[in-house]
Amino acid sequence: MLTIIADSNIAHLHDYFNEQTLNHPIQVISMAGRDITADALQQYQPDVLLIRSVTQIDAKLLDTNQSVKFIGSATIGTDHVNEGYVSLRGMRFANAAGCSKHSVAQYVMSAILQLRPEYWVSNTSQSDKPVKLGIIGLGNIGSTLARYALDLGWEVLGYDPFQSASVINNASVEKVLAQSDVISLHVPLTLTGHSELPTYHMIDADALAKMPSTTMLINTSRGAVVSEADLLADLNQNPERQVVLDVFENEPTVSAELLDKLTLATPHIAGYTLEGKLRGTQMIFDTFVRSYGEKGADILSIKETDLMADLLPDNPYQWQQLKANPQKLAEFYDIKADDRQLRGSVNEQAGAVLGTDFDALRKNYTLRREWLFY
């Protein structure tokens, strides 16, 4: 019997991880990601953990546990996992790199084009100059966002010190801050002492001072990449600045004071499309199956299986169709509806969106569809 503890927010969890697909007796215990604790591991003694970004994988969780052999995170990011510790313990770890890159890129494009619809015509004779989109971090998501921007005729100013120079990795961080019309952040959260170039509070008072007040700032990466105290001070000085946040420094709690100053705010759902989440589950399922095969454990006598085609309904949403009919943007994704939901969840007594309400918005979120891009 294989025992699996899984975050209940993992899409189609039971369609993938069941006795029929795995051809083996299993027990799947699903719970909220923040409830996956050392006590839960002690109680259930799982062989497998399936998580999302709200579960911290570190010594605090695993030091007293001897049962876990495989950890799968249905997310692009890995900064919630101490990979060095996991490797030292001899556990196999896998994430779903790239699973929601189009979902997040489309969220960013929706935010920009809802707030500045004139940017649709940046590549036509109606516009004097191309839109300059600054992208900090050119991994799976940042590089995908660049493709959408270039397809609209925008100019990309990209900065990623860990990537080779390229058509999109073409600017210093100072140039991105000073010259962009919009800046979108796509970096992991790294801390001083743990990284040569830490991203914690990389957008602080100094960085904000280098940005023109007309520059829009979008953060879909990790909340603490932006100093919220410095951002609040900047917005008090520059109320015309448009800021879109999907992640927050003190998440899952969101200050009402900050929320009042933001142009758009959503509850960490930029990657929440049916395709993106299904792809994440498919990817950790495949790695899980391979992991047991590679280790010679005669447990699973199956091969990787693509269940996505069977689980996905027809998709009518196409990027080229949207380009031809920009007025349909809200039909493709109405980001303002998600903004209203978050603002409507403020607890007036607490002066904040409480963590339980923030998590409930994510848990009960109606997954969007990913636009077909080609």
# chains A, B, ... in the order shown; residues from 1 in each chain; ligands from 1

call {"tool": "residues_around", "arguments": {"residues": "stretch 138-144 of chain A", "least_positions_apart": "3", "cutoff": "6 Å", "atoms": "only C-alpha atoms", "output": "CSV table (one decimal) with C-alpha atoms, in the first residue's frame"}}
result
chain,number,residue,atom,x,y,z
A,98,GLY,CA,6.8,25.5,-17.2
A,101,LYS,CA,3.9,29.7,-18.2
A,147,ARG,CA,6.7,36.1,-27.0
A,160,ASP,CA,18.1,38.1,-16.3
A,186,HIS,CA,9.2,36.8,-12.9

call {"tool": "select_by_dssp", "arguments": {"residues": "stretch 6-88 of chain A", "states": "alpha helix (DSSP H)", "output": "list in words"}}
result
Leu13, His14, Asp15, Tyr16, Glu19, Gln20, Thr21, Leu22, Ala38, Asp39, Ala40, Leu41, Gln42, Gln43, Tyr44, Ala59, Lys60, Leu61, Leu62, Glu83, Gly84, Tyr85, Val86, Ser87 and Leu88 of chain A

call {"tool": "closest_residue", "arguments": {"among": "A:Leu152, A:Leu185, A:Ile5, A:Ala350", "to": "A:Lys323", "atoms": "only C-alpha atoms"}}
result
A:Leu152

call {"tool": "closest_residue", "arguments": {"among": "A:Val244, A:Val226, A:Ala149, A:Leu258", "to": "A:Gly351", "atoms": "only C-alpha atoms"}}
result
A:Leu258

call {"tool": "closest_atom_pairs", "arguments": {"of": "stretch 193-253 of chain A", "to": "stretch 359-371 of chain A", "cutoff": "10 Å", "atoms": "only C-alpha atoms", "output": "JSON lines"}}
result
{"residue": "A:Glu251", "atom": "CA", "partner": "A:Asp359", "partner_atom": "CA", "distance": 9.5}
{"residue": "A:Pro252", "atom": "CA", "partner": "A:Asp359", "partner_atom": "CA", "distance": 6.8}
{"residue": "A:Thr253", "atom": "CA", "partner": "A:Asp359", "partner_atom": "CA", "distance": 9.4}

call {"tool": "closest_residue", "arguments": {"among": "A:Thr281, A:Ser67, A:Gln106, A:Asn315", "to": "A:Ser8", "atoms": "only C-alpha atoms"}}
result
A:Thr281

call {"tool": "residues_around", "arguments": {"residues": "A:Pro267", "least_positions_apart": "6", "cutoff": "8 Å", "atoms": "only C-alpha atoms", "output": "ChimeraX atom specification"}}
result
/A:246-247,338,342,358,361-362

call {"tool": "residues_around", "arguments": {"residues": "A:Ser172", "least_positions_apart": "4", "cutoff": "9 Å", "atoms": "only C-alpha atoms", "output": "PyMOL selection string"}}
result
chain A and resi 157-161+176-177

call {"tool": "write_last_selection", "arguments": {"atoms": "N, CA and C atoms", "output": "mmCIF file, in the first residue's frame"}}
result
data_model
loop_
_atom_site.group_PDB
_atom_site.id
_atom_site.type_symbol
_atom_site.label_atom_id
_atom_site.label_comp_id
_atom_site.auth_asym_id
_atom_site.auth_seq_id
_atom_site.Cartn_x
_atom_site.Cartn_y
_atom_site.Cartn_z
ATOM 1 N N LEU A 157 12.385 44.902 -23.043
ATOM 2 C CA LEU A 157 13.617 45.186 -22.307
ATOM 3 C C LEU A 157 13.725 44.120 -21.223
ATOM 4 N N GLY A 158 14.602 43.154 -21.421
ATOM 5 C CA GLY A 158 14.687 42.031 -20.503
ATOM 6 C C GLY A 158 15.969 42.021 -19.705
ATOM 7 N N TYR A 159 15.832 41.589 -18.436
ATOM 8 C CA TYR A 159 17.012 41.479 -17.562
ATOM 9 C C TYR A 159 16.966 40.157 -16.814
ATOM 10 N N ASP A 160 17.985 39.346 -17.017
ATOM 11 C CA ASP A 160 18.145 38.106 -16.258
ATOM 12 C C ASP A 160 19.632 37.784 -16.192
ATOM 13 N N PRO A 161 20.267 38.006 -15.049
ATOM 14 C CA PRO A 161 21.721 37.808 -14.951
ATOM 15 C C PRO A 161 22.151 36.350 -15.026
ATOM 16 N N VAL A 176 15.903 48.756 -17.485
ATOM 17 C CA VAL A 176 14.529 48.252 -17.368
ATOM 18 C C VAL A 176 13.714 49.178 -16.473
ATOM 19 N N LEU A 177 14.262 49.538 -15.329
ATOM 20 C CA LEU A 177 13.540 50.392 -14.384
ATOM 21 C C LEU A 177 13.278 51.780 -14.959
#

call {"tool": "closest_residue", "arguments": {"among": "A:Leu232, A:Leu145, A:Ile183, A:Val108", "to": "A:Ile168", "atoms": "only C-alpha atoms"}}
result
A:Leu145

call {"tool": "atom_distance", "arguments": {"atom1": "atom CA of A:Lys336", "atom2": "atom CA of A:Gln114"}}
result
8.4 Å

call {"tool": "atom_distance", "arguments": {"atom1": "atom CA of A:Ala256", "atom2": "atom CA of A:Asp334"}}
result
22.2 Å

call {"tool": "atom_distance", "arguments": {"atom1": "atom CA of A:Gln349", "atom2": "atom CA of A:Ala229"}}
result
21.1 Å

call {"tool": "closest_residue", "arguments": {"among": "A:Met283, A:Ile335, A:Leu372, A:Leu278", "to": "A:Met308", "atoms": "only C-alpha atoms"}}
result
A:Leu278

call {"tool": "select_by_dssp", "arguments": {"residues": "stretch 167-307 of chain A", "states": "strand (DSSP E)", "output": "PDB file with C-alpha atoms, in the first residue's frame"}}
result
ATOM      1  CA  VAL A 182       5.366  48.372 -17.867  1.00  0.00           C
ATOM      2  CA  ILE A 183       7.589  46.196 -15.658  1.00  0.00           C
ATOM      3  CA  SER A 184       6.650  42.585 -14.926  1.00  0.00           C
ATOM      4  CA  LEU A 185       8.509  40.515 -12.310  1.00  0.00           C
ATOM      5  CA  MET A 216       3.055  50.186 -14.433  1.00  0.00           C
ATOM      6  CA  LEU A 217       4.396  47.518 -12.044  1.00  0.00           C
ATOM      7  CA  ILE A 218       3.126  43.921 -12.092  1.00  0.00           C
ATOM      8  CA  ASN A 219       4.193  41.183  -9.672  1.00  0.00           C
ATOM      9  CA  VAL A 243       0.326  48.568  -9.709  1.00  0.00           C
ATOM     10  CA  VAL A 244      -1.007  45.037 -10.194  1.00  0.00           C
ATOM     11  CA  LEU A 245      -0.258  42.425  -7.528  1.00  0.00           C
ATOM     12  CA  VAL A 254      -3.395  41.236   2.635  1.00  0.00           C
ATOM     13  CA  SER A 255      -3.472  44.704   4.160  1.00  0.00           C
ATOM     14  CA  LEU A 264      -5.653  45.576  -9.575  1.00  0.00           C
ATOM     15  CA  ALA A 265      -5.175  42.852  -6.972  1.00  0.00           C
TER      16      ALA A 265
END

call {"tool": "closest_residue", "arguments": {"among": "A:Gly77, A:Phe248, A:Ala94, A:Val131", "to": "A:Pro188", "atoms": "only C-alpha atoms"}}
result
A:Gly77

call {"tool": "decode", "arguments": {"residues": "stretch 237-252 of chain A", "atoms": "N, CA and C atoms", "output": "mmCIF file, in the first residue's frame"}}
result
data_model
loop_
_atom_site.group_PDB
_atom_site.id
_atom_site.type_symbol
_atom_site.label_atom_id
_atom_site.label_comp_id
_atom_site.auth_asym_id
_atom_site.auth_seq_id
_atom_site.Cartn_x
_atom_site.Cartn_y
_atom_site.Cartn_z
ATOM 1 N N GLN A 237 3.167 58.975 -2.789
ATOM 2 C CA GLN A 237 3.828 60.076 -3.496
ATOM 3 C C GLN A 237 3.421 60.136 -4.961
ATOM 4 N N ASN A 238 3.133 58.967 -5.541
ATOM 5 C CA ASN A 238 2.816 58.871 -6.974
ATOM 6 C C ASN A 238 1.491 58.127 -7.162
ATOM 7 N N PRO A 239 0.380 58.749 -6.784
ATOM 8 C CA PRO A 239 -0.910 58.049 -6.853
ATOM 9 C C PRO A 239 -1.314 57.648 -8.266
ATOM 10 N N GLU A 240 -0.654 58.239 -9.267
ATOM 11 C CA GLU A 240 -0.988 57.885 -10.651
ATOM 12 C C GLU A 240 -0.349 56.567 -11.078
ATOM 13 N N ARG A 241 0.607 56.030 -10.297
ATOM 14 C CA ARG A 241 1.257 54.780 -10.696
ATOM 15 C C ARG A 241 0.254 53.627 -10.646
ATOM 16 N N GLN A 242 0.239 52.840 -11.707
ATOM 17 C CA GLN A 242 -0.610 51.648 -11.753
ATOM 18 C C GLN A 242 0.203 50.447 -11.267
ATOM 19 N N VAL A 243 -0.345 49.739 -10.276
ATOM 20 C CA VAL A 243 0.326 48.568 -9.709
ATOM 21 C C VAL A 243 -0.656 47.407 -9.671
ATOM 22 N N VAL A 244 -0.205 46.263 -10.166
ATOM 23 C CA VAL A 244 -1.007 45.037 -10.194
ATOM 24 C C VAL A 244 -0.253 43.977 -9.393
ATOM 25 N N LEU A 245 -0.880 43.472 -8.336
ATOM 26 C CA LEU A 245 -0.258 42.425 -7.528
ATOM 27 C C LEU A 245 -1.138 41.179 -7.488
ATOM 28 N N ASP A 246 -0.521 40.049 -7.750
ATOM 29 C CA ASP A 246 -1.181 38.755 -7.556
ATOM 30 C C ASP A 246 -0.581 38.027 -6.355
ATOM 31 N N VAL A 247 0.529 38.548 -5.840
ATOM 32 C CA VAL A 247 1.222 37.954 -4.695
ATOM 33 C C VAL A 247 1.557 39.070 -3.708
ATOM 34 N N PHE A 248 1.691 38.694 -2.428
ATOM 35 C CA PHE A 248 1.794 39.702 -1.376
ATOM 36 C C PHE A 248 2.845 39.293 -0.349
ATOM 37 N N GLU A 249 3.495 40.305 0.214
ATOM 38 C CA GLU A 249 4.610 40.035 1.124
ATOM 39 C C GLU A 249 4.169 39.247 2.349
ATOM 40 N N ASN A 250 2.978 39.526 2.876
ATOM 41 C CA ASN A 250 2.501 38.843 4.083
ATOM 42 C C ASN A 250 1.397 37.840 3.775
ATOM 43 N N GLU A 251 1.377 37.379 2.551
ATOM 44 C CA GLU A 251 0.396 36.382 2.117
ATOM 45 C C GLU A 251 0.397 35.178 3.072
ATOM 46 N N PRO A 252 -0.821 34.698 3.451
ATOM 47 C CA PRO A 252 -2.124 34.955 2.838
ATOM 48 C C PRO A 252 -2.892 36.160 3.395
#
